[in-house]
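Asks: upload-v4.cif is reproduced below (mmCIF, C-alpha atoms and all ligand atoms).
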data_data
#
loop_
_atom_site.group_PDB
_atom_site.id
_atom_site.type_symbol
_atom_site.label_atom_id
_atom_site.label_comp_id
_atom_site.auth_asym_id
_atom_site.auth_seq_id
_atom_site.Cartn_x
_atom_site.Cartn_y
_atom_site.Cartn_z
ATOM 1 C CA MET C 1 123.956 285.990 103.706
ATOM 2 C CA ALA C 2 124.970 283.905 106.686
ATOM 3 C CA LEU C 3 127.243 285.542 109.224
ATOM 4 C CA ASP C 4 130.559 283.915 110.081
ATOM 5 C CA LEU C 5 131.530 285.784 113.206
ATOM 6 C CA THR C 6 134.118 285.357 115.939
ATOM 7 C CA ILE C 7 133.062 286.716 119.325
ATOM 8 C CA LEU C 8 135.305 287.344 122.313
ATOM 9 C CA TYR C 9 132.893 287.251 125.238
ATOM 10 C CA ARG C 10 133.712 288.862 128.572
ATOM 11 C CA GLY C 11 130.893 289.032 131.093
ATOM 12 C CA PRO C 12 131.050 290.830 134.429
ATOM 13 C CA LEU C 13 132.671 287.901 136.287
ATOM 14 C CA SER C 14 135.942 289.156 137.752
ATOM 15 C CA SER C 15 137.021 286.773 140.482
ATOM 16 C CA CYS C 16 139.446 283.914 140.598
ATOM 17 C CA ASN C 17 140.383 281.053 142.868
ATOM 18 C CA TYR C 18 144.073 281.921 142.336
ATOM 19 C CA ASP C 19 145.960 285.039 143.336
ATOM 20 C CA CYS C 20 148.854 285.491 140.909
ATOM 21 C CA HIS C 21 151.037 288.480 141.721
ATOM 22 C CA TYR C 22 151.257 289.477 138.039
ATOM 23 C CA CYS C 23 147.505 289.365 137.518
ATOM 24 C CA PRO C 24 145.968 292.706 136.503
ATOM 25 C CA PHE C 25 142.467 291.600 137.499
ATOM 26 C CA ALA C 26 140.522 288.965 139.414
ATOM 27 C CA LYS C 27 140.988 290.587 142.803
ATOM 28 C CA ARG C 28 137.274 290.826 143.493
ATOM 29 C CA HIS C 29 134.810 288.650 145.355
ATOM 30 C CA GLU C 30 131.362 288.955 143.855
ATOM 31 C CA THR C 31 128.194 288.948 145.884
ATOM 32 C CA ALA C 32 125.571 286.317 145.184
ATOM 33 C CA ALA C 33 123.547 288.961 143.352
ATOM 34 C CA GLU C 34 126.514 289.858 141.112
ATOM 35 C CA LEU C 35 127.127 286.216 140.311
ATOM 36 C CA ARG C 36 123.456 285.839 139.416
ATOM 37 C CA VAL C 37 123.758 288.694 136.942
ATOM 38 C CA ASP C 38 126.810 287.065 135.376
ATOM 39 C CA ARG C 39 124.927 283.772 135.035
ATOM 40 C CA GLU C 40 121.826 285.405 133.561
ATOM 41 C CA GLN C 41 123.869 287.366 131.046
ATOM 42 C CA LEU C 42 125.808 284.277 130.022
ATOM 43 C CA ASP C 43 122.547 282.349 129.586
ATOM 44 C CA ARG C 44 121.183 285.156 127.420
ATOM 45 C CA PHE C 45 124.306 285.101 125.250
ATOM 46 C CA ILE C 46 124.087 281.342 124.788
ATOM 47 C CA ASP C 47 120.353 281.475 124.043
ATOM 48 C CA PHE C 48 121.072 284.139 121.435
ATOM 49 C CA LEU C 49 123.686 281.917 119.763
ATOM 50 C CA ALA C 50 121.331 278.932 119.915
ATOM 51 C CA SER C 51 118.656 280.932 118.096
ATOM 52 C CA ARG C 52 120.929 281.938 115.184
ATOM 53 C CA THR C 53 121.119 278.584 113.452
ATOM 54 C CA ASP C 54 121.597 280.127 109.988
ATOM 55 C CA ASP C 55 124.828 281.817 111.053
ATOM 56 C CA TYR C 56 128.241 280.503 112.082
ATOM 57 C CA PHE C 57 130.014 281.521 115.254
ATOM 58 C CA SER C 58 133.388 280.952 116.865
ATOM 59 C CA ILE C 59 133.513 281.932 120.520
ATOM 60 C CA LEU C 60 136.408 282.671 122.851
ATOM 61 C CA PHE C 61 135.523 283.317 126.481
ATOM 62 C CA THR C 62 138.086 285.706 127.953
ATOM 63 C CA PRO C 63 136.858 286.150 131.531
ATOM 64 C CA TRP C 64 138.327 288.725 133.849
ATOM 65 C CA GLY C 65 139.163 285.916 136.248
ATOM 66 C CA GLU C 66 138.499 282.170 136.289
ATOM 67 C CA ALA C 67 135.130 281.128 134.879
ATOM 68 C CA MET C 68 135.423 277.346 134.656
ATOM 69 C CA THR C 69 135.066 276.971 138.412
ATOM 70 C CA ARG C 70 131.519 278.289 137.889
ATOM 71 C CA ARG C 71 128.975 275.660 136.917
ATOM 72 C CA TRP C 72 127.117 277.944 134.526
ATOM 73 C CA TYR C 73 130.194 278.386 132.326
ATOM 74 C CA ARG C 74 130.878 274.658 132.232
ATOM 75 C CA ASP C 75 127.244 273.856 131.401
ATOM 76 C CA GLY C 76 127.036 276.691 128.882
ATOM 77 C CA ILE C 77 130.164 275.628 127.033
ATOM 78 C CA THR C 78 129.015 272.012 126.976
ATOM 79 C CA ARG C 79 125.753 273.174 125.427
ATOM 80 C CA LEU C 80 127.485 275.342 122.829
ATOM 81 C CA THR C 81 129.818 272.565 121.682
ATOM 82 C CA HIS C 82 126.810 270.497 120.691
ATOM 83 C CA MET C 83 125.426 273.199 118.375
ATOM 84 C CA PRO C 84 126.282 272.357 114.756
ATOM 85 C CA HIS C 85 126.536 276.027 113.715
ATOM 86 C CA LEU C 86 129.243 276.718 116.304
ATOM 87 C CA ARG C 87 132.644 276.319 114.681
ATOM 88 C CA LYS C 88 134.653 276.630 117.891
ATOM 89 C CA VAL C 89 134.010 277.207 121.579
ATOM 90 C CA ALA C 90 137.165 278.128 123.465
ATOM 91 C CA ILE C 91 137.977 279.561 126.882
ATOM 92 C CA GLN C 92 140.993 280.898 128.729
ATOM 93 C CA THR C 93 141.395 279.013 131.993
ATOM 94 C CA ASN C 94 143.810 278.095 134.772
ATOM 95 C CA LEU C 95 142.700 274.421 134.518
ATOM 96 C CA SER C 96 142.070 274.163 138.263
ATOM 97 C CA TRP C 97 138.689 272.454 137.853
ATOM 98 C CA ASP C 98 137.726 268.826 137.233
ATOM 99 C CA THR C 99 138.849 268.215 133.659
ATOM 100 C CA THR C 100 136.708 265.086 133.284
ATOM 101 C CA TRP C 101 134.040 267.716 132.449
ATOM 102 C CA ALA C 102 135.416 267.682 128.885
ATOM 103 C CA ALA C 103 133.726 264.311 128.363
ATOM 104 C CA SER C 104 130.373 266.148 128.342
ATOM 105 C CA CYS C 105 131.404 268.249 125.321
ATOM 106 C CA ASP C 106 131.639 267.609 121.635
ATOM 107 C CA ARG C 107 135.418 267.844 121.695
ATOM 108 C CA SER C 108 135.595 268.512 117.958
ATOM 109 C CA ARG C 109 134.355 272.044 118.754
ATOM 110 C CA LEU C 110 136.067 272.563 122.104
ATOM 111 C CA GLY C 111 139.303 274.520 122.563
ATOM 112 C CA LEU C 112 141.061 275.226 125.867
ATOM 113 C CA TRP C 113 143.659 277.949 126.371
ATOM 114 C CA CYS C 114 145.274 276.804 129.613
ATOM 115 C CA THR C 115 147.724 278.800 131.694
ATOM 116 C CA TRP C 116 149.988 277.282 134.296
ATOM 117 C CA HIS C 117 150.716 279.558 137.254
ATOM 118 C CA PRO C 118 153.703 277.936 138.990
ATOM 119 C CA GLU C 119 153.222 279.791 142.272
ATOM 120 C CA GLN C 120 149.640 278.604 142.570
ATOM 121 C CA VAL C 121 149.778 274.929 141.628
ATOM 122 C CA SER C 122 152.508 272.324 141.267
ATOM 123 C CA CYS C 123 153.712 271.130 137.904
ATOM 124 C CA GLU C 124 152.605 267.583 138.779
ATOM 125 C CA VAL C 125 149.020 268.600 139.457
ATOM 126 C CA PHE C 126 148.846 270.802 136.370
ATOM 127 C CA LEU C 127 150.347 268.072 134.198
ATOM 128 C CA SER C 128 147.874 265.512 135.511
ATOM 129 C CA LYS C 129 145.072 267.725 134.158
ATOM 130 C CA CYS C 130 146.818 268.008 130.809
ATOM 131 C CA HIS C 131 147.277 264.265 130.568
ATOM 132 C CA GLU C 132 143.612 263.763 131.348
ATOM 133 C CA LEU C 133 142.744 266.109 128.482
ATOM 134 C CA ASP C 134 145.065 264.027 126.284
ATOM 135 C CA ARG C 135 143.175 260.874 127.210
ATOM 136 C CA MET C 136 139.918 262.560 126.216
ATOM 137 C CA GLU C 137 141.441 263.886 122.996
ATOM 138 C CA ALA C 138 140.535 267.454 123.922
ATOM 139 C CA ARG C 139 142.304 270.255 122.040
ATOM 140 C CA TYR C 140 144.266 272.614 124.242
ATOM 141 C CA SER C 141 147.298 274.847 124.412
ATOM 142 C CA VAL C 142 149.326 275.465 127.547
ATOM 143 C CA GLY C 143 151.286 278.507 128.545
ATOM 144 C CA VAL C 144 153.156 280.388 131.225
ATOM 145 C CA VAL C 145 154.002 284.008 131.894
ATOM 146 C CA GLY C 146 157.662 284.429 130.948
ATOM 147 C CA MET C 147 158.994 285.494 134.346
ATOM 148 C CA LYS C 148 162.715 284.767 134.460
ATOM 149 C CA GLU C 149 162.339 282.619 137.558
ATOM 150 C CA TYR C 150 159.944 280.275 135.717
ATOM 151 C CA ILE C 151 162.315 279.162 132.967
ATOM 152 C CA GLU C 152 163.350 275.889 134.611
ATOM 153 C CA SER C 153 159.747 275.066 135.542
ATOM 154 C CA ALA C 154 158.722 275.738 131.957
ATOM 155 C CA ARG C 155 161.423 273.371 130.693
ATOM 156 C CA ILE C 156 160.118 270.642 132.996
ATOM 157 C CA LEU C 157 156.583 271.292 131.793
ATOM 158 C CA ARG C 158 157.740 271.097 128.159
ATOM 159 C CA ARG C 159 159.507 267.785 128.732
ATOM 160 C CA ASN C 160 156.420 266.245 130.286
ATOM 161 C CA LEU C 161 153.711 267.529 127.999
ATOM 162 C CA HIS C 162 152.667 265.482 125.013
ATOM 163 C CA PRO C 163 155.053 266.558 122.218
ATOM 164 C CA GLU C 164 152.110 267.714 120.095
ATOM 165 C CA VAL C 165 150.874 270.166 122.729
ATOM 166 C CA TYR C 166 151.922 273.745 122.026
ATOM 167 C CA LEU C 167 153.456 275.562 124.989
ATOM 168 C CA TRP C 168 153.237 279.326 124.539
ATOM 169 C CA VAL C 169 155.030 281.919 126.633
ATOM 170 C CA ASN C 170 153.562 285.341 127.331
ATOM 171 C CA ALA C 171 156.383 287.834 127.468
ATOM 172 C CA TYR C 172 156.510 289.832 130.705
ATOM 173 C CA LYS C 173 156.216 293.441 129.573
ATOM 174 C CA ASP C 174 155.615 295.347 132.804
ATOM 175 C CA VAL C 175 159.331 296.077 133.238
ATOM 176 C CA ASP C 176 161.281 297.818 130.445
ATOM 177 C CA ASP C 177 164.222 295.853 129.020
ATOM 178 C CA TYR C 178 163.323 292.912 131.246
ATOM 179 C CA TYR C 179 165.012 290.311 129.047
ATOM 180 C CA GLU C 180 168.666 289.805 128.156
ATOM 181 C CA GLN C 181 169.311 288.187 124.783
ATOM 182 C CA SER C 182 170.137 284.931 126.601
ATOM 183 C CA ASP C 183 166.655 285.024 128.216
ATOM 184 C CA VAL C 184 165.018 285.521 124.824
ATOM 185 C CA ASP C 185 166.992 282.606 123.401
ATOM 186 C CA ALA C 186 165.961 280.397 126.318
ATOM 187 C CA TRP C 187 162.264 281.239 125.967
ATOM 188 C CA CYS C 188 162.429 280.787 122.182
ATOM 189 C CA GLU C 189 163.626 277.236 122.732
ATOM 190 C CA ILE C 190 160.399 276.587 124.603
ATOM 191 C CA ASP C 191 158.105 278.695 122.426
ATOM 192 C CA PRO C 192 159.312 279.307 118.857
ATOM 193 C CA LEU C 193 156.708 282.090 118.624
ATOM 194 C CA PHE C 194 157.958 283.931 121.731
ATOM 195 C CA ARG C 195 159.438 286.800 119.728
ATOM 196 C CA ILE C 196 156.029 287.519 118.228
ATOM 197 C CA ASN C 197 154.557 288.028 121.683
ATOM 198 C CA GLN C 198 157.547 289.950 122.996
ATOM 199 C CA ARG C 199 156.787 292.950 120.805
ATOM 200 C CA ASN C 200 154.185 295.657 120.925
ATOM 201 C CA TYR C 201 152.956 296.426 117.429
ATOM 202 C CA ARG C 202 152.443 299.911 116.064
ATOM 203 C CA THR C 203 148.880 299.650 114.915
ATOM 204 C CA LEU C 204 147.528 303.156 114.474
ATOM 205 C CA ASP C 205 145.586 303.309 111.219
ATOM 206 C CA ARG C 206 146.488 299.713 110.335
ATOM 207 C CA PRO C 207 143.735 297.339 109.158
ATOM 208 C CA CYS C 208 142.595 294.804 111.748
ATOM 209 C CA ARG C 209 139.879 292.169 111.382
ATOM 210 C CA THR C 210 138.232 293.234 114.631
ATOM 211 C CA GLY C 211 135.022 295.160 114.085
ATOM 212 C CA GLU C 212 134.308 293.181 110.940
ATOM 213 C CA SER C 213 134.715 289.420 111.384
ATOM 214 C CA VAL C 214 135.790 289.519 115.066
ATOM 215 C CA ILE C 215 134.062 291.441 117.860
ATOM 216 C CA SER C 216 134.176 291.785 121.616
ATOM 217 C CA VAL C 217 130.885 291.457 123.500
ATOM 218 C CA ASP C 218 130.170 292.112 127.163
ATOM 219 C CA GLY C 219 127.419 290.743 129.387
ATOM 220 C CA GLU C 220 124.909 293.356 128.302
ATOM 221 C CA GLY C 221 125.533 292.614 124.639
ATOM 222 C CA THR C 222 127.544 295.790 124.034
ATOM 223 C CA ILE C 223 129.717 295.273 120.981
ATOM 224 C CA ARG C 224 133.179 296.738 120.806
ATOM 225 C CA ARG C 225 135.594 295.983 118.051
ATOM 226 C CA CYS C 226 138.093 294.487 120.507
ATOM 227 C CA HIS C 227 138.847 294.412 124.216
ATOM 228 C CA PHE C 228 141.274 297.331 123.880
ATOM 229 C CA ILE C 229 139.135 300.011 122.261
ATOM 230 C CA ARG C 230 136.362 301.079 124.584
ATOM 231 C CA GLU C 231 134.070 302.797 122.095
ATOM 232 C CA PRO C 232 130.898 300.704 121.570
ATOM 233 C CA ILE C 233 129.894 300.014 117.985
ATOM 234 C CA GLY C 234 126.553 298.272 118.553
ATOM 235 C CA ASN C 235 124.601 295.794 120.647
ATOM 236 C CA LEU C 236 124.328 292.096 119.888
ATOM 237 C CA TYR C 237 120.732 291.915 121.048
ATOM 238 C CA GLU C 238 119.438 294.707 118.858
ATOM 239 C CA GLN C 239 117.708 293.819 115.614
ATOM 240 C CA GLY C 240 120.111 294.252 112.705
ATOM 241 C CA PHE C 241 123.270 294.525 114.811
ATOM 242 C CA GLU C 242 125.150 293.151 111.787
ATOM 243 C CA THR C 243 125.159 296.572 110.164
ATOM 244 C CA CYS C 244 127.937 297.636 112.540
ATOM 245 C CA LEU C 245 130.321 295.048 111.058
ATOM 246 C CA LYS C 246 132.643 296.621 108.515
ATOM 247 C CA PRO C 247 136.356 296.919 107.718
ATOM 248 C CA ARG C 248 138.118 299.181 110.172
ATOM 249 C CA ARG C 249 141.550 300.556 110.950
ATOM 250 C CA CYS C 250 142.996 300.496 114.462
ATOM 251 C CA SER C 251 142.647 303.711 116.452
ATOM 252 C CA ASN C 252 145.159 302.698 119.130
ATOM 253 C CA VAL C 253 148.845 303.508 118.849
ATOM 254 C CA GLU C 254 149.953 300.028 119.876
ATOM 255 C CA CYS C 255 148.634 296.503 120.346
ATOM 256 C CA GLY C 256 150.637 294.102 122.467
ATOM 257 C CA CYS C 257 148.241 291.375 123.568
ATOM 258 C CA HIS C 258 147.887 288.094 121.688
ATOM 259 C CA ILE C 259 144.079 288.154 121.679
ATOM 260 C CA GLY C 260 144.300 291.505 119.888
ATOM 261 C CA TYR C 261 147.235 291.518 117.479
ATOM 262 C CA VAL C 262 146.456 288.000 116.287
ATOM 263 C CA HIS C 263 143.698 289.692 114.232
ATOM 264 C CA LEU C 264 145.939 292.412 112.832
ATOM 265 C CA THR C 265 145.817 291.920 109.075
ATOM 266 C CA GLN C 266 149.502 292.610 108.366
ATOM 267 C CA LEU C 267 150.776 289.877 110.688
ATOM 268 C CA ASN C 268 149.115 286.991 108.830
ATOM 269 C CA LEU C 269 148.844 285.104 112.102
ATOM 270 C CA ASP C 270 145.611 283.532 110.932
ATOM 271 C CA GLN C 271 147.908 281.543 108.624
ATOM 272 C CA VAL C 272 150.081 280.460 111.561
ATOM 273 C CA PHE C 273 147.197 279.371 113.783
ATOM 274 C CA ARG C 274 144.439 278.594 111.238
ATOM 275 C CA GLU C 275 141.636 276.638 112.955
ATOM 276 C CA GLY C 276 143.471 276.856 116.309
ATOM 277 C CA LEU C 277 143.464 280.666 116.335
ATOM 278 C CA LEU C 278 141.125 281.055 119.307
ATOM 279 C CA GLU C 279 142.679 278.464 121.598
ATOM 280 C CA ARG C 280 146.197 279.510 120.489
ATOM 281 C CA ILE C 281 147.206 276.260 118.819
ATOM 282 C CA PRO C 282 149.432 276.826 115.783
ATOM 283 C CA SER C 283 148.941 274.684 112.723
ATOM 284 C CA ARG C 284 151.853 272.433 111.866
ATOM 285 C CA PRO C 285 154.640 272.800 111.012
ATOM 286 C CA LEU C 286 155.319 275.327 113.730
ATOM 287 C CA SER C 287 158.601 276.383 112.126
ATOM 288 C CA ASN C 288 156.814 278.239 109.351
ATOM 289 C CA LEU C 289 159.614 280.774 109.347
ATOM 290 C CA GLU C 290 158.422 282.417 106.166
ATOM 291 C CA VAL C 291 155.384 283.727 108.037
ATOM 292 C CA ILE C 292 157.139 284.373 111.338
ATOM 293 C CA ASP C 293 160.005 286.314 109.789
ATOM 294 C CA ALA C 294 157.539 288.476 107.894
ATOM 295 C CA VAL C 295 156.351 289.683 111.293
HETATM 296 S S1 LIG C 301 144.738 282.433 137.331
HETATM 297 FE FE1 LIG C 301 144.575 284.098 135.799
HETATM 298 S S2 LIG C 301 142.828 285.318 136.468
HETATM 299 FE FE2 LIG C 301 143.434 284.027 138.207
HETATM 300 S S3 LIG C 301 144.813 285.305 139.459
HETATM 301 FE FE3 LIG C 301 146.091 284.092 138.033
HETATM 302 S S4 LIG C 301 146.380 285.406 136.198
HETATM 303 FE FE4 LIG C 301 144.646 286.245 137.402
HETATM 304 S S1 LIG C 302 145.236 296.019 116.454
HETATM 305 FE FE1 LIG C 302 144.681 295.482 118.578
HETATM 306 S S2 LIG C 302 143.939 297.387 119.523
HETATM 307 FE FE2 LIG C 302 143.925 297.674 117.277
HETATM 308 S S3 LIG C 302 141.855 297.148 116.650
HETATM 309 FE FE3 LIG C 302 143.108 295.290 116.417
HETATM 310 S S4 LIG C 302 142.861 294.185 118.345
HETATM 311 FE FE4 LIG C 302 142.150 296.287 118.699
#
Give the structure from this file in structure tokens form.
Ligand code: SF4
Ligand code: SF4

Replies:
Amino acid sequence: MALDLTILYRGPLSSCNYDCHYCPFAKRHETAAELRVDREQLDRFIDFLASRTDDYFSILFTPWGEAMTRRWYRDGITRLTHMPHLRKVAIQTNLSWDTTWAASCDRSRLGLWCTWHPEQVSCEVFLSKCHELDRMEARYSVGVVGMKEYIESARILRRNLHPEVYLWVNAYKDVDDYYEQSDVDAWCEIDPLFRINQRNYRTLDRPCRTGESVISVDGEGTIRRCHFIREPIGNLYEQGFETCLKPRRCSNVECGCHIGYVHLTQLNLDQVFREGLLERIPSRPLSNLEVIDAV
């Protein structure tokens, strides 16, 4: 039977052209040799996907830094979008690169999860990239970290984005009780799904699609069920790796990151996002309160 597998890929790359103060990673500068390893491992991953034409894959690149400033990620994603057995090829990015690159892709398979970092780039420059993506009819979501001092910037961004573009807000969770109710209300006006992200979910022993239809893969092909549980469950490049895919319950006490809890069975967020799950674009209508309130 053909596989239909979602893979969150995170290679060794861990550098970024920005330096956000809230960033938990991307503080490294790789040597040329380290970058070569990252490129070779990415090429191997893409060659593997290219060889599996009887299976279906959806890919989200979740680099530990910014990958789209690296030519091998841009070329690799372009290549993947032209493979008919790839359902979706998405990446998390700060959008600081030349967005005319999207013209080289089959945009029907491309998804961009774009984050605006107000201290690193002006709203005007960031918006100009978004509007270019609009002209090319590329699918993308846009978001900000919900620091209190960004609320007015986020409002300006919202007013100037195409109305159809979803603007998500990642709740800032490093400080306990960071938000007053008035803050929550303000962020909810910008992102109707903010409350979903604001919580950490108790997940111990709860069913989650990771490890069965969704996996995390690193540069060496090591398979983990998700980015948050370190125990390997297989290797993508070993014959018969599929045998490791099976229903599983979460072994962590909590899950509080969108790329994790979005696969938690009880939340039904696959019904909120549907085909935009990987690039974080909800299906319309966004005000599907029946689903959201069930959360
Ligand atoms: S753009 Fe992203 S990866 Fe880069 S420093 Fe900011 S938060 Fe970190
Ligand atoms: S709920 Fe989160 S931590 Fe638990 S298995 Fe799923 S993605 Fe991983």

Asks: Skip stretch 241-254 of chain C itself and residues of its chain fewer than 5 positions away, then list as a PyMOL selection string all residues within 7 Å of it, counting only C-alpha atoms.

Replies: chain C and resi 200-209+211-212+233-236

Asks: As a quick test: using all atoms listed in the file, which residues lie no more than 6 Å away from ligand LIG 301 (chain C)? Give them as a ChimeraX atom specification.

Replies: /C:16,18-20,23,25-26,65-66,94

Asks: Find the residue from C:Ser213, C:Thr222, C:Asn160, C:Thr69 that sits nearest to ligand LIG 302 (chain C); use all atoms listed in the file when measuring.

Replies: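 Ranking C:Ser213, C:Thr222, C:Asn160, C:Thr69 by distance to ligand LIG 302 (chain C), first place goes to C:Ser213.
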
Asks: So how many Å separate atom CA of C:Val144 and atom CA of C:Leu167, to one decimal?

Replies: 7.9 Å

Asks: Given the file shown, determine the residues that the PyMOL selection byres (((chain C and resi 30) around 12) and not hetatm) selects; report them as a ChimeraX atom specification.

Replies: /C:12-16,26-29,31-38,65

Asks: Taking 6 positions as the minimum chain separation for residues in the same chain, which residues sit within 12 Å of C:Asp218 when counting only C-alpha atoms? Answer as an MDAnalysis selection string.

Replies: chainID C and resid 7:13 38 41:42 44:45 61:64 224:227 230 232 234:237

Asks: Could you work out an axis-aligned bounding box for all listed atoms of ligand LIG 302 (chain C), with 6 Å added on each of the six sides, and give its centre and edge lengths in Å to one decimal, as JSON?

Replies:
{"center_x": 143.5, "center_y": 295.9, "center_z": 118.0, "size_x": 15.4, "size_y": 15.5, "size_z": 15.1}

Asks: Would you list the residues near (144.2, 275.3, 125.8), meaning any protein, DNA or RNA residue with an atom at most 10 Å from that point in file coordinates, counting all atoms listed in the file, as a PyMOL selection string?

Replies: chain C and resi 90-95+110-115+130+133+138-143+165-168+276+278-281

Asks: Under the rule that only C-alpha atoms are counted, which of C:Ala171, C:Thr265, C:Met1, C:Tyr73 is the nearest residue to C:Leu193?

Replies: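 Nearest to C:Leu193: C:Ala171.
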
Asks: Which of these, C:Leu161, C:Val214, C:Cys188, C:Leu80, has the shortest distance to ligand LIG 302 (chain C) once you count all atoms listed in the file?

Replies: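 The answer is C:Val214, which sits nearest to ligand LIG 302 (chain C).
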
Asks: Could you jot down the atom CA of C:Ile59 to atom S1 of ligand LIG 302 (chain C) separation for me, Å, one decimal place?

Replies: 18.8 Å

Asks: One number please: atom CA of C:Lys173 to atom CA of C:Asp191, in Å, one decimal.

Replies: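 Here the two named atoms are 16.5 Å from each other.
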
Asks: Just checking: using all atoms listed in the file, which residue out of C:Leu269, C:Val217, C:Leu49, C:Ile196 ends up closest to C:Gly256?

Replies: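 Comparing C:Leu269, C:Val217, C:Leu49, C:Ile196 against C:Gly256, the winner is C:Ile196.
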
Asks: May I ask which of the residues C:Asp183, C:Gly260, C:Leu267, C:Phe273 is the closest one to ligand LIG 302 (chain C), counting all atoms listed in the file?

Replies: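 Counting all atoms listed in the file, the residue closest to ligand LIG 302 (chain C) is C:Gly260.
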
Asks: Which residues match the PyMOL selection byres (((chain C and resi 187) around 12) and not hetatm) in the file above, as a ChimeraX atom specification?

Replies: /C:143-155,158,167-172,179-186,188-198

Asks: Set the distance at 9 Å and use only C-alpha atoms: which residues neighbour C:Gln271 once local chain neighbours fewer than 2 positions away are removed? I'd like the list as a list in words.

Replies: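 The residues satisfying every condition are Asn268, Leu269, Phe273, Arg274, Leu277, Pro282, Ser283 and Val291 of chain C.
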